[in-house]
$ cat structure-v1.txt   # compact mmCIF, C-alpha atoms and all ligand atoms
# COMPACT_ATOMS: atom_id res chain seq x y z
CA MET A 161 0.00 0.00 0.00
CA GLY A 162 1.21 3.43 -0.87
CA ARG A 163 0.21 7.01 -1.25
CA LEU A 164 -0.25 8.61 -4.64
CA VAL A 165 -1.05 11.96 -6.17
CA MET A 166 -2.74 11.65 -9.56
CA LYS A 167 -2.88 14.80 -11.68
CA PHE A 168 -5.11 15.13 -14.74
CA GLY A 169 -4.69 17.92 -17.29
CA GLY A 170 -7.33 19.81 -19.24
CA THR A 171 -7.74 17.38 -22.14
CA SER A 172 -8.18 14.51 -19.67
CA VAL A 173 -11.17 16.24 -18.03
CA ALA A 174 -12.49 17.98 -21.15
CA ASN A 175 -16.03 16.58 -20.77
CA ILE A 176 -18.08 14.33 -18.53
CA ASP A 177 -17.15 11.20 -20.47
CA ARG A 178 -13.48 11.89 -19.98
CA ILE A 179 -14.06 12.69 -16.31
CA ARG A 180 -15.64 9.23 -16.02
CA ASN A 181 -12.49 7.79 -17.58
CA VAL A 182 -10.41 9.68 -15.00
CA ALA A 183 -12.60 8.28 -12.24
CA ARG A 184 -11.87 4.74 -13.46
CA HIS A 185 -8.15 5.46 -13.26
CA VAL A 186 -8.66 6.67 -9.70
CA LYS A 187 -10.74 3.62 -8.84
CA ARG A 188 -7.96 1.36 -10.09
CA GLU A 189 -5.51 2.87 -7.62
CA VAL A 190 -8.03 2.92 -4.77
CA ASP A 191 -8.81 -0.76 -5.40
CA ALA A 192 -5.09 -1.49 -5.28
CA GLY A 193 -5.19 -0.16 -1.72
CA HIS A 194 -3.52 3.23 -2.17
CA ASP A 195 -4.33 6.54 -0.49
CA VAL A 196 -5.16 8.85 -3.38
CA ALA A 197 -5.21 12.61 -3.81
CA VAL A 198 -6.28 13.75 -7.27
CA VAL A 199 -5.38 17.15 -8.70
CA VAL A 200 -7.37 18.40 -11.67
CA SER A 201 -6.99 21.15 -14.26
CA ALA A 202 -9.90 23.04 -15.77
CA MET A 203 -11.58 21.53 -18.83
CA ALA A 204 -9.46 22.05 -21.97
CA GLY A 205 -9.86 25.58 -23.30
CA LYS A 206 -11.73 26.79 -20.21
CA THR A 207 -8.91 28.82 -18.70
CA ASN A 208 -8.27 30.52 -22.05
CA GLU A 209 -11.93 31.44 -22.22
CA LEU A 210 -11.90 32.85 -18.68
CA VAL A 211 -8.72 34.81 -19.39
CA GLY A 212 -10.41 36.18 -22.51
CA TRP A 213 -13.47 37.27 -20.53
CA CYS A 214 -11.29 39.25 -18.13
CA GLY A 215 -9.73 41.05 -21.08
CA ASP A 216 -13.15 41.75 -22.58
CA ALA A 217 -14.42 43.13 -19.28
CA SER A 218 -11.50 45.52 -19.13
CA PRO A 219 -8.14 45.38 -20.89
CA LEU A 220 -6.44 46.62 -17.74
CA HIS A 221 -7.93 44.64 -14.89
CA ASP A 222 -7.29 44.01 -11.22
CA ALA A 223 -5.07 40.91 -10.99
CA ARG A 224 -6.87 39.82 -7.81
CA GLU A 225 -10.16 39.67 -9.67
CA TYR A 226 -8.49 37.95 -12.62
CA ASP A 227 -7.48 35.22 -10.19
CA ALA A 228 -11.01 35.03 -8.78
CA VAL A 229 -12.28 34.44 -12.31
CA VAL A 230 -9.67 32.06 -13.73
CA ALA A 231 -9.53 29.87 -10.61
CA SER A 232 -13.15 28.89 -11.22
CA GLY A 233 -12.35 26.39 -14.01
CA GLU A 234 -10.71 24.01 -11.55
CA GLN A 235 -13.53 24.43 -9.04
CA VAL A 236 -15.91 22.95 -11.61
CA THR A 237 -13.80 19.91 -12.54
CA SER A 238 -12.92 19.06 -8.93
CA GLY A 239 -16.60 19.04 -7.98
CA LEU A 240 -17.59 17.03 -11.04
CA LEU A 241 -14.94 14.37 -10.47
CA ALA A 242 -16.00 14.03 -6.81
CA ILE A 243 -19.60 13.53 -7.95
CA VAL A 244 -18.62 10.83 -10.46
CA LEU A 245 -16.41 9.05 -7.90
CA GLN A 246 -19.20 9.06 -5.34
CA GLY A 247 -21.51 7.61 -7.99
CA MET A 248 -19.06 4.72 -8.32
CA GLY A 249 -19.24 4.07 -4.61
CA ILE A 250 -15.91 5.71 -3.78
CA GLN A 251 -15.64 8.08 -0.83
CA ALA A 252 -14.49 11.40 -2.24
CA ARG A 253 -14.72 15.12 -1.68
CA SER A 254 -13.51 18.19 -3.53
CA TRP A 255 -11.08 20.73 -2.09
CA GLN A 256 -10.48 24.29 -3.24
CA GLY A 257 -7.03 25.73 -2.64
CA TRP A 258 -8.24 27.91 0.24
CA GLN A 259 -9.94 25.02 2.00
CA ILE A 260 -6.78 22.94 2.42
CA PRO A 261 -5.22 25.61 2.61
CA ILE A 262 -2.56 26.02 -0.06
CA ARG A 263 -0.86 29.22 1.07
CA THR A 264 0.86 31.26 -1.61
CA SER A 265 2.59 34.58 -2.14
CA ASP A 266 0.44 37.50 -3.24
CA ALA A 267 1.93 37.65 -6.75
CA HIS A 268 -1.46 37.32 -8.42
CA ALA A 269 -1.52 35.33 -11.66
CA SER A 270 1.93 33.92 -10.90
CA ALA A 271 1.86 33.18 -7.19
CA ARG A 272 4.35 30.83 -5.56
CA ILE A 273 3.32 28.17 -3.09
CA LEU A 274 4.68 28.93 0.38
CA GLU A 275 3.15 26.18 2.45
CA ILE A 276 0.52 23.46 2.31
CA ASP A 277 -1.23 21.96 5.30
CA GLY A 278 -1.77 18.34 4.33
CA SER A 279 -2.91 17.18 7.74
CA GLU A 280 -6.68 17.06 7.16
CA ILE A 281 -6.30 15.20 3.88
CA SER A 282 -3.95 12.68 5.47
CA ALA A 283 -6.28 12.24 8.45
CA ARG A 284 -9.17 11.50 6.12
CA PHE A 285 -7.16 8.84 4.29
CA LYS A 286 -6.84 7.09 7.61
CA ASP A 287 -10.27 7.65 9.10
CA ARG A 288 -12.48 7.01 6.09
CA GLN A 289 -10.38 6.13 3.05
CA GLU A 290 -11.57 9.32 1.42
CA VAL A 291 -10.15 10.37 -1.93
CA ALA A 292 -9.19 14.06 -1.98
CA VAL A 293 -10.09 15.77 -5.26
CA ILE A 294 -8.12 18.99 -5.33
CA ALA A 295 -8.57 21.99 -7.62
CA GLY A 296 -5.17 22.62 -9.19
CA PHE A 297 -3.71 26.00 -10.16
CA GLN A 298 -5.10 27.90 -7.16
CA GLY A 299 -4.26 28.89 -3.61
CA ILE A 300 -4.84 31.65 -1.12
CA ASN A 301 -2.68 34.45 0.19
CA PRO A 302 -2.87 34.31 4.00
CA GLN A 303 -2.34 38.06 4.52
CA THR A 304 -4.98 39.32 2.14
CA ASN A 305 -7.25 36.27 2.20
CA ARG A 306 -7.56 36.51 -1.58
CA ILE A 307 -7.59 33.66 -4.07
CA THR A 308 -4.40 33.36 -6.11
CA THR A 309 -3.36 31.34 -9.16
CA LEU A 310 0.04 29.86 -9.93
CA GLY A 311 0.56 30.88 -13.55
CA ARG A 312 -0.50 29.01 -16.69
CA GLY A 313 0.09 25.31 -16.43
CA GLY A 314 0.18 25.67 -12.64
CA SER A 315 -1.77 22.50 -11.83
CA ASP A 316 1.41 20.50 -12.34
CA THR A 317 2.98 22.56 -9.59
CA SER A 318 -0.05 22.11 -7.34
CA ALA A 319 0.24 18.35 -7.79
CA VAL A 320 3.94 18.07 -6.96
CA ALA A 321 3.60 20.44 -4.00
CA ILE A 322 0.69 18.43 -2.60
CA ALA A 323 2.60 15.20 -3.12
CA ALA A 324 5.42 16.63 -1.00
CA ALA A 325 3.00 17.94 1.65
CA ILE A 326 1.24 14.59 2.15
CA ARG A 327 4.50 12.64 1.73
CA ALA A 328 3.26 10.70 -1.27
CA ASP A 329 5.41 7.96 -2.74
CA ARG A 330 5.00 9.37 -6.23
CA CYS A 331 3.23 12.04 -8.22
CA ASP A 332 1.63 10.73 -11.42
CA ILE A 333 0.97 13.32 -14.10
CA TYR A 334 -1.66 11.99 -16.52
CA THR A 335 -1.64 13.92 -19.75
CA ASP A 336 -2.34 13.70 -23.47
CA VAL A 337 1.12 12.34 -24.26
CA ASP A 338 2.57 9.15 -22.86
CA GLY A 339 5.75 10.61 -21.47
CA VAL A 340 8.70 12.90 -22.06
CA TYR A 341 10.37 12.59 -25.45
CA THR A 342 13.90 13.36 -26.62
CA THR A 343 12.29 16.18 -28.60
CA ASP A 344 8.86 17.10 -29.92
CA PRO A 345 7.64 14.00 -31.84
CA ARG A 346 5.57 16.23 -34.13
CA VAL A 347 8.81 17.72 -35.44
CA VAL A 348 10.98 14.63 -35.27
CA PRO A 349 8.97 11.47 -35.87
CA LYS A 350 12.00 9.48 -34.70
CA ALA A 351 11.89 11.07 -31.24
CA ARG A 352 12.09 8.49 -28.46
CA ARG A 353 10.20 8.34 -25.22
CA LEU A 354 12.58 8.44 -22.26
CA ASP A 355 11.98 5.83 -19.56
CA LYS A 356 13.72 8.00 -17.00
CA ILE A 357 15.08 11.50 -16.92
CA ALA A 358 16.94 13.33 -14.16
CA PHE A 359 15.28 16.36 -12.52
CA GLU A 360 18.06 18.63 -13.75
CA ASP A 361 17.73 17.58 -17.38
CA MET A 362 13.96 17.85 -17.20
CA LEU A 363 14.26 21.29 -15.68
CA GLU A 364 16.34 22.45 -18.63
CA LEU A 365 14.06 20.77 -21.18
CA ALA A 366 11.00 22.44 -19.66
CA SER A 367 12.74 25.81 -19.32
CA GLN A 368 13.92 25.69 -22.93
CA GLY A 369 10.54 25.12 -24.47
CA ALA A 370 9.35 21.53 -23.93
CA LYS A 371 5.77 22.02 -22.82
CA VAL A 372 5.08 18.79 -20.95
CA LEU A 373 5.32 20.24 -17.44
CA GLN A 374 5.34 23.63 -15.79
CA VAL A 375 8.96 24.48 -14.97
CA ARG A 376 8.18 25.24 -11.35
CA SER A 377 6.75 21.74 -10.80
CA VAL A 378 10.07 20.19 -11.84
CA GLU A 379 11.94 22.51 -9.49
CA LEU A 380 9.70 21.43 -6.64
CA GLY A 381 10.14 17.77 -7.53
CA MET A 382 13.90 18.27 -7.39
CA VAL A 383 13.83 20.15 -4.07
CA HIS A 384 11.66 17.52 -2.40
CA ASN A 385 13.12 14.58 -4.32
CA MET A 386 9.57 13.62 -5.29
CA PRO A 387 9.50 11.17 -8.21
CA VAL A 388 7.17 12.44 -10.92
CA PHE A 389 5.77 10.00 -13.46
CA VAL A 390 4.42 11.40 -16.73
CA ARG A 391 1.92 9.04 -18.36
CA SER A 392 -1.06 8.98 -20.69
CA SER A 393 -4.60 9.39 -19.41
CA PHE A 394 -5.97 7.85 -22.61
CA ASP A 395 -4.81 4.33 -21.82
CA LYS A 396 -7.83 2.25 -20.88
CA PRO A 397 -7.87 2.11 -17.07
CA GLU A 398 -8.96 -1.55 -17.17
CA ASP A 399 -6.00 -2.56 -19.34
CA ILE A 400 -3.40 -1.33 -16.90
CA ASP A 401 -1.77 -3.89 -14.67
CA PRO A 402 -1.59 -2.23 -11.24
CA HIS A 403 1.58 -4.15 -10.45
CA GLY A 404 3.34 -3.67 -13.78
CA THR A 405 5.20 -0.65 -15.15
CA PRO A 406 2.97 1.31 -17.53
CA PRO A 407 4.43 3.34 -20.41
CA GLY A 408 5.60 6.72 -19.27
CA THR A 409 8.62 8.71 -18.12
CA LEU A 410 9.87 8.79 -14.56
CA ILE A 411 11.49 12.07 -13.54
CA CYS A 412 13.81 11.23 -10.69
CA SER A 413 17.19 11.91 -9.15
CA GLU A 414 20.28 11.30 -11.25
CA GLU A 415 21.45 8.43 -9.05
CA GLU A 416 18.50 6.34 -10.09
CA ILE A 417 19.42 6.50 -13.76
CA MET A 418 21.77 3.71 -14.70
CA GLU A 419 22.50 4.17 -18.35
CA SER A 420 22.62 7.70 -19.60
CA HIS A 421 23.47 9.38 -22.88
CA VAL A 422 25.64 12.46 -23.06
CA VAL A 423 22.71 14.30 -24.62
CA THR A 424 19.26 13.69 -23.15
CA GLY A 425 17.08 15.83 -25.35
CA ILE A 426 16.67 18.79 -27.63
CA ALA A 427 14.28 21.65 -26.97
CA PHE A 428 13.38 24.58 -29.15
CA SER A 429 11.42 27.76 -28.98
CA LYS A 430 10.27 30.03 -31.77
CA ASP A 431 8.95 32.51 -29.29
CA GLU A 432 12.16 34.55 -29.39
CA ALA A 433 13.24 38.00 -30.49
CA GLN A 434 16.77 39.31 -30.86
CA ILE A 435 17.94 42.84 -30.10
CA SER A 436 21.47 43.94 -30.89
CA VAL A 437 22.72 47.20 -29.44
CA ARG A 438 25.46 48.47 -31.78
CA GLN A 439 28.51 50.47 -30.81
CA ILE A 440 27.80 50.98 -27.18
CA GLU A 441 30.53 52.64 -25.25
CA ASP A 442 32.89 50.13 -23.68
CA LYS A 443 32.88 51.36 -20.10
CA PRO A 444 31.62 50.20 -16.70
CA GLY A 445 27.88 50.54 -16.23
CA VAL A 446 26.56 50.14 -19.78
CA ALA A 447 25.21 46.64 -19.23
CA ALA A 448 23.46 47.92 -16.13
CA ALA A 449 22.05 50.83 -18.13
CA ILE A 450 20.56 48.37 -20.63
CA PHE A 451 19.32 45.60 -18.37
CA GLY A 452 18.20 47.75 -15.44
CA PRO A 453 15.30 49.34 -17.33
CA LEU A 454 14.36 45.97 -18.86
CA ALA A 455 14.19 44.39 -15.42
CA GLU A 456 12.08 47.28 -14.16
CA ALA A 457 9.71 46.70 -17.06
CA ASN A 458 9.50 43.05 -15.94
CA ILE A 459 10.97 41.78 -19.19
CA ASN A 460 12.77 38.48 -18.94
CA VAL A 461 16.04 38.56 -20.81
CA ASP A 462 17.33 35.18 -21.89
CA MET A 463 20.53 34.99 -23.95
CA ILE A 464 23.08 37.77 -23.50
CA VAL A 465 26.17 37.99 -25.69
CA GLN A 466 28.69 40.79 -25.53
CA ASN A 467 31.89 40.96 -27.46
CA VAL A 468 35.25 42.13 -26.19
CA SER A 469 35.88 45.53 -27.69
CA GLU A 470 38.48 45.71 -30.43
CA ASP A 471 39.49 49.34 -30.08
CA GLY A 472 38.69 49.74 -26.39
CA LYS A 473 36.03 52.31 -27.25
CA THR A 474 32.86 50.60 -28.44
CA THR A 475 31.39 47.13 -28.52
CA ASP A 476 28.15 45.33 -29.50
CA LEU A 477 25.73 43.63 -27.16
CA THR A 478 23.05 41.17 -28.25
CA PHE A 479 20.25 39.75 -26.14
CA THR A 480 16.99 37.86 -26.62
CA VAL A 481 13.56 38.33 -25.07
CA PRO A 482 10.26 36.45 -25.49
CA ALA A 483 8.62 37.50 -28.78
CA SER A 484 5.61 38.78 -26.85
CA ASP A 485 7.86 41.30 -25.04
CA TYR A 486 9.74 42.40 -28.14
CA THR A 487 8.02 45.74 -28.73
CA ARG A 488 8.21 46.73 -25.09
CA ALA A 489 11.87 45.75 -24.90
CA ARG A 490 12.77 47.71 -28.04
CA ASP A 491 10.89 50.77 -26.78
CA THR A 492 12.53 50.53 -23.38
CA ILE A 493 16.00 50.55 -24.94
CA THR A 494 15.08 53.34 -27.35
CA SER A 495 13.82 55.53 -24.51
CA ALA A 496 17.05 54.98 -22.62
CA LYS A 497 19.23 55.73 -25.65
CA ALA A 498 20.70 58.96 -24.29
CA LYS A 499 21.61 57.28 -21.03
CA ILE A 500 23.04 54.11 -22.56
CA GLY A 501 24.83 55.77 -25.48
CA TYR A 502 24.79 53.58 -28.59
CA ALA A 503 24.76 54.04 -32.37
CA ARG A 504 21.78 51.91 -33.45
CA LEU A 505 19.59 48.89 -32.77
CA ASP A 506 19.40 45.84 -35.05
CA THR A 507 16.52 43.55 -34.29
CA ALA A 508 15.02 40.29 -35.54
CA THR A 509 11.80 38.57 -34.60
CA ASP A 510 11.95 35.58 -36.96
CA VAL A 511 14.51 33.75 -34.84
CA ALA A 512 14.43 30.52 -32.86
CA LYS A 513 16.46 29.08 -30.06
CA VAL A 514 17.50 25.43 -30.21
CA SER A 515 18.92 23.93 -27.02
CA VAL A 516 20.82 20.71 -26.52
CA ILE A 517 20.53 19.33 -23.01
CA GLY A 518 22.31 16.61 -21.10
CA SER A 519 23.92 16.30 -17.69
CA GLY A 520 26.45 14.00 -19.39
CA MET A 521 27.98 17.15 -20.92
CA ARG A 522 29.63 17.88 -17.61
CA SER A 523 32.13 15.13 -18.20
CA HIS A 524 32.40 15.19 -22.01
CA ALA A 525 34.35 17.67 -24.08
CA GLY A 526 33.50 18.72 -27.61
CA VAL A 527 29.76 18.10 -27.48
CA ALA A 528 28.92 21.60 -28.70
CA ALA A 529 31.68 21.58 -31.33
CA GLN A 530 30.03 18.59 -33.02
CA ALA A 531 26.80 20.53 -33.27
CA PHE A 532 28.44 23.53 -34.88
CA THR A 533 30.00 21.31 -37.53
CA ALA A 534 26.71 19.54 -38.21
CA LEU A 535 24.77 22.80 -38.47
CA ALA A 536 27.38 24.25 -40.79
CA GLY A 537 27.01 21.14 -42.95
CA ARG A 538 23.35 22.07 -43.36
CA ASN A 539 24.23 25.67 -44.10
CA ILE A 540 22.49 26.90 -40.97
CA ASN A 541 23.91 30.15 -39.71
CA ILE A 542 24.30 30.64 -35.96
CA ARG A 543 23.50 34.15 -34.71
CA ALA A 544 24.43 33.65 -31.07
CA ILE A 545 25.50 30.88 -28.73
CA THR A 546 25.16 30.46 -24.98
CA THR A 547 26.29 27.60 -22.81
CA SER A 548 25.86 26.31 -19.28
CA GLU A 549 27.15 23.23 -17.53
CA ILE A 550 24.56 20.86 -18.94
CA LYS A 551 23.20 22.74 -21.93
CA PHE A 552 24.05 24.88 -24.91
CA SER A 553 21.73 26.94 -27.06
CA VAL A 554 22.04 28.41 -30.52
CA LEU A 555 19.98 31.21 -31.95
CA ILE A 556 19.13 30.67 -35.62
CA ASP A 557 16.68 31.85 -38.27
CA ALA A 558 13.27 30.43 -37.40
CA ALA A 559 12.86 28.93 -40.86
CA TYR A 560 15.62 26.42 -40.06
CA THR A 561 14.27 25.27 -36.70
CA GLU A 562 12.96 21.89 -37.81
CA LEU A 563 16.03 21.11 -39.88
CA ALA A 564 18.34 22.05 -37.01
CA VAL A 565 16.44 19.97 -34.46
CA ARG A 566 16.37 16.92 -36.75
CA THR A 567 20.05 17.26 -37.57
CA LEU A 568 21.07 17.45 -33.92
CA HIS A 569 18.70 14.68 -32.90
CA THR A 570 20.42 12.33 -35.34
CA LEU A 571 23.89 13.62 -34.51
CA TYR A 572 23.60 12.74 -30.83
CA GLY A 573 22.18 9.29 -31.45
CA LEU A 574 18.72 10.09 -30.15
CA ASP A 575 16.79 8.72 -33.15
CA GLN A 576 14.57 5.75 -32.56
CA THR A 577 15.94 2.67 -34.28
N1 LIG B 1 -6.03 25.50 -16.11
C1 LIG B 1 -4.78 26.18 -15.96
C2 LIG B 1 -4.20 26.53 -17.30
O1 LIG B 1 -4.77 26.22 -18.32
C3 LIG B 1 -3.82 25.42 -15.12
C4 LIG B 1 -3.42 24.07 -15.68
O2 LIG B 1 -4.13 23.50 -16.48
O3 LIG B 1 -2.37 23.58 -15.29
O4 LIG B 1 -3.18 27.15 -17.36
MG MG B 2 -0.36 21.51 -18.48
$ encode --input "structure-v1.txt" --output "C-alpha cells"
Amino acid sequence: MGRLVMKFGGTSVANIDRIRNVARHVKREVDAGHDVAVVVSAMAGKTNELVGWCGDASPLHDAREYDAVVASGEQVTSGLLAIVLQGMGIQARSWQGWQIPIRTSDAHASARILEIDGSEISARFKDRQEVAVIAGFQGINPQTNRITTLGRGGSDTSAVAIAAAIRADRCDIYTDVDGVYTTDPRVVPKARRLDKIAFEDMLELASQGAKVLQVRSVELGMVHNMPVFVRSSFDKPEDIDPHGTPPGTLICSEEEIMESHVVTGIAFSKDEAQISVRQIEDKPGVAAAIFGPLAEANINVDMIVQNVSEDGKTTDLTFTVPASDYTRARDTITSAKAKIGYARLDTATDVAKVSVIGSGMRSHAGVAAQAFTALAGRNINIRAITTSEIKFSVLIDAAYTELAVRTLHTLYGLDQT
C-alpha cells in the first residue's frame, strides 16, 4: 500500500465522459489499496476562455479579480470528479485551494506556493479512506485572504507540492502524451520516449521550451526529491496492470538512472526575439544601463552575448527576449538611448532558439563543437550561442528550426531505431 497523487490535465477532463475515464483510473488505484489525492486542471480551453473574458471586461484589470475568475475552471472539474467518484461508490470530496489551505505569495496570476497543510487530507485517508479531489492551479494568500493562481500550467505545480505535503510515494501526471520525449515527436517522428530523466535535465528541457510540465513543478520535484511519473490518461484504465510498469517517463534523481546518454534531449522555442545594441561605449555601467530598465519593465532577458571591444572604445551587445515582449523591450532601450549611449539597434523577430541538453555534458568535451560542424554542414547560420554546464543553445533563423532539431537529434544518437 502506498500514497499517490494523480494529476489530470485539461484534455483529460475535457467533458463528462473523460471525467468518467479519470474516475476509473482513480478507482484502479483505490482498489489497489492506495491513499489517493487527485489534482485536476480546468476543462481544456476553459482557462483561455476565462482569461479572454477578463480582457473583454477591461483590458487593464485588477489581478486579484483575474485570479477570482480564472480559478473557477478548476472548481468545476474538482466538484464534477467528486460527484462521479461518489456515484461509483468511492468516498471522495472536492477541495479548493483555500480550503486545504494552499498558502501562496500575493503575486497574483503567478503566485508561488509557500506552504501546504496536508494534515486534514492525510487524516481522512486514515479515518475514512476518502479520496481528496483537489482543484489545481489555485491557492490563497494568508495576509490578504484573496484567491491566487500559480501561472498558466500551474496544476502541475499544485500536484507536486501536494505530493510533497502529504508525503506521497509518487506524483503521477496523466496527460495527453505518454511521457517525455527526446524532442517534440511532431517535429521529429523518430523522437524516443525516455523511460527516465533526471530532474536537472527535465528542468532544462522544460525551461527551454518543452511544454510537458510547468517548470516550477520540476523545481519542486527536485527540491523535495519527489519522483514524478508522466503518463497517458488515454490508456484504458482496465487494461493497466496495477503491479506492472505502464508506459511513461519517470522524472527522478540522477542516481536512479543507470544508463545515460551524453545528450538527453533537444528543446526549441520560436517565441524569441533578438535585439542587438550596436557600438555601445565600452565602459563600466553600460550593461546595467541596458538591463536595469528591462528588469524594471519586468521583461525576462534570456541569452546575453557581448563581445570584447576591439578598439577599447565601443562594442556590440546582443540579447533575446520572449517574442511577446519584443516591442516593449525595443521601446525601453530606445527611450534609454541617451543614457546608454549607442549608435543603433538591429533587431530580428523571426529567430528561434534550439537547445541541446544533457547532464552527461559535464564530463564530455566537444559536445557543442560537433553541433556547430553539423549545423554548418546544413548551411544553418548561428546568430548567437550560450552555454551552461549541462546545456548549450544556438539562436538561428526560425525557418531552419525543424532542420536544425532533426540534424542534432540524429547527430547525438537520439533517433529511434
Ligand atoms: N487551467 C490552468 C491553465 O490552463 C492550469 C493548468 O491546467 O495547469 O493554465
Ligand atoms: Mg499543463
$ closest_residue --input "structure-v1.txt" --among "A:Ala496, A:Leu365, A:Ala433, A:Met166" --to "Val516 (chain A)" --atoms "all atoms listed in the file"
A:Leu365
$ residues_near_ligand --input "structure-v1.txt" --ligand "ligand LIG 1 (chain B)" --cutoff "8 Å" --atoms "only C-alpha atoms and all ligand atoms" --output "VMD selection string"
chain A and resid 169 to 170 200 to 208 230 to 231 233 to 234 296 to 297 310 to 317 374
$ residues_near_point --input "structure-v1.txt" --point "(-18.4, 16.5, -11.2)" --cutoff "12 Å" --atoms "only C-alpha atoms" --output "PyMOL selection string"
chain A and resi 173-180+182-183+200+202-203+233-247+252-254+293+295
$ atom_distance --input "structure-v1.txt" --atom1 "CA of Val291 (chain A)" --atom2 "CA of Ala228 (chain A)"
25.6 Å
$ atom_distance --input "structure-v1.txt" --atom1 "CA of Glu441 (chain A)" --atom2 "CA of Val461 (chain A)"
20.7 Å
$ atom_distance --input "structure-v1.txt" --atom1 "CA of Phe552 (chain A)" --atom2 "CA of Lys371 (chain A)"
18.6 Å
$ residues_around --input "structure-v1.txt" --residues "Gln530 (chain A)" --least-positions-apart "4" --cutoff "10 Å" --atoms "all atoms listed in the file" --output "PyMOL selection string"
chain A and resi 525-526+534-536+568+571-572
$ write_last_selection --input "structure-v1.txt" --atoms "C-alpha atoms" --output "compact mmCIF listing (two decimals), in the coordinates of the input"
# COMPACT_ATOMS: atom_id res chain seq x y z
CA ALA A 525 34.35 17.67 -24.08
CA GLY A 526 33.50 18.72 -27.61
CA ALA A 534 26.71 19.54 -38.21
CA LEU A 535 24.77 22.80 -38.47
CA ALA A 536 27.38 24.25 -40.79
CA LEU A 568 21.07 17.45 -33.92
CA LEU A 571 23.89 13.62 -34.51
CA TYR A 572 23.60 12.74 -30.83
